[in-house]
Amino acid sequence: MNSLIVPPALAQSTLTDLKDMFAVALGVVFFFGFVYGIFLIWRGARKIADGDSEGYSSIFGGIIIAAAGLIMSSFFVIAGLGDAAIEPSF
């Protein structure tokens, strides 16, 4: 009788594999955050065009959300933790 030996998945993974998985997940989150930030900027511009003063806060929030990856990685580099920052990948 042939028995199939299947090793546990986590026993075969290395730290670089885990870092790559986090990089892919981070890339997906940043992609959706960027799209949502652009949507907020567009909505803020439409509000300003309609005469609503709340459009400025929507534009500012959209810029922060769209540039969140750049802002966070620059804080890591400024603090001297540049090696701790994970670059998002797709």
# chains A, B, ... in the order shown; residues from 1 in each chain; ligands from 1
call {"tool": "residues_around", "arguments": {"residues": "Phe22 (chain A)", "least_positions_apart": "4", "cutoff": "12 Å", "atoms": "only C-alpha atoms", "output": "count of residues only"}}
result
15
call {"tool": "select_by_dssp", "arguments": {"residues": "chain A", "states": "helix (DSSP H, G or I)", "output": "number ranges by chain"}}
result
A: 9-12, 15-49, 55-66, 68-78, 82-84
call {"tool": "residues_around", "arguments": {"residues": "Ser74 (chain A)", "least_positions_apart": "6", "cutoff": "12 Å", "atoms": "only C-alpha atoms", "output": "JSON, numbers by chain"}}
result
{"A": [67, 68, 80, 81, 82, 83, 84, 85, 86, 87]}
call {"tool": "closest_residue", "arguments": {"among": "A:Val24, A:Ala79, A:Ile71, A:Leu40", "to": "Ile59 (chain A)", "atoms": "only C-alpha atoms"}}
result
A:Leu40
call {"tool": "residues_around", "arguments": {"residues": "Ala45 (chain A)", "least_positions_apart": "3", "cutoff": "8 Å", "atoms": "only C-alpha atoms", "output": "mmCIF file with N, CA and C atoms, in the first residue's frame"}}
result
data_model
loop_
_atom_site.group_PDB
_atom_site.id
_atom_site.type_symbol
_atom_site.label_atom_id
_atom_site.label_comp_id
_atom_site.auth_asym_id
_atom_site.auth_seq_id
_atom_site.Cartn_x
_atom_site.Cartn_y
_atom_site.Cartn_z
ATOM 1 N N ILE A 41 -10.545 62.323 -4.232
ATOM 2 C CA ILE A 41 -10.076 63.571 -4.835
ATOM 3 C C ILE A 41 -11.062 64.042 -5.896
ATOM 4 N N TRP A 42 -11.527 63.123 -6.721
ATOM 5 C CA TRP A 42 -12.496 63.467 -7.768
ATOM 6 C C TRP A 42 -13.811 63.966 -7.150
ATOM 7 N N ILE A 48 -16.441 70.989 -4.758
ATOM 8 C CA ILE A 48 -15.982 72.371 -4.869
ATOM 9 C C ILE A 48 -16.615 73.040 -6.081
ATOM 10 N N ALA A 49 -16.744 72.311 -7.168
ATOM 11 C CA ALA A 49 -17.376 72.870 -8.365
ATOM 12 C C ALA A 49 -18.849 73.183 -8.123
ATOM 13 N N GLY A 55 -15.500 70.006 0.112
ATOM 14 C CA GLY A 55 -14.691 69.348 -0.911
ATOM 15 C C GLY A 55 -13.210 69.397 -0.613
ATOM 16 N N TYR A 56 -12.756 70.445 0.077
ATOM 17 C CA TYR A 56 -11.342 70.566 0.390
ATOM 18 C C TYR A 56 -10.882 69.450 1.330
ATOM 19 N N ILE A 59 -10.574 66.260 -0.671
ATOM 20 C CA ILE A 59 -9.357 66.234 -1.486
ATOM 21 C C ILE A 59 -8.147 65.924 -0.608
#
call {"tool": "residues_around", "arguments": {"residues": "Arg43 (chain A)", "least_positions_apart": "3", "cutoff": "12 Å", "atoms": "only C-alpha atoms", "output": "MDAnalysis selection string"}}
result
chainID A and resid 36:40 46:50 52 54:62
call {"tool": "atom_distance", "arguments": {"atom1": "CA of Ala23 (chain A)", "atom2": "CA of Met72 (chain A)"}}
result
14.2 Å
call {"tool": "atom_distance", "arguments": {"atom1": "CA of Ile63 (chain A)", "atom2": "CA of Gly33 (chain A)"}}
result
10.4 Å
call {"tool": "atom_distance", "arguments": {"atom1": "CA of Ser73 (chain A)", "atom2": "CA of Gly44 (chain A)"}}
result
26.3 Å
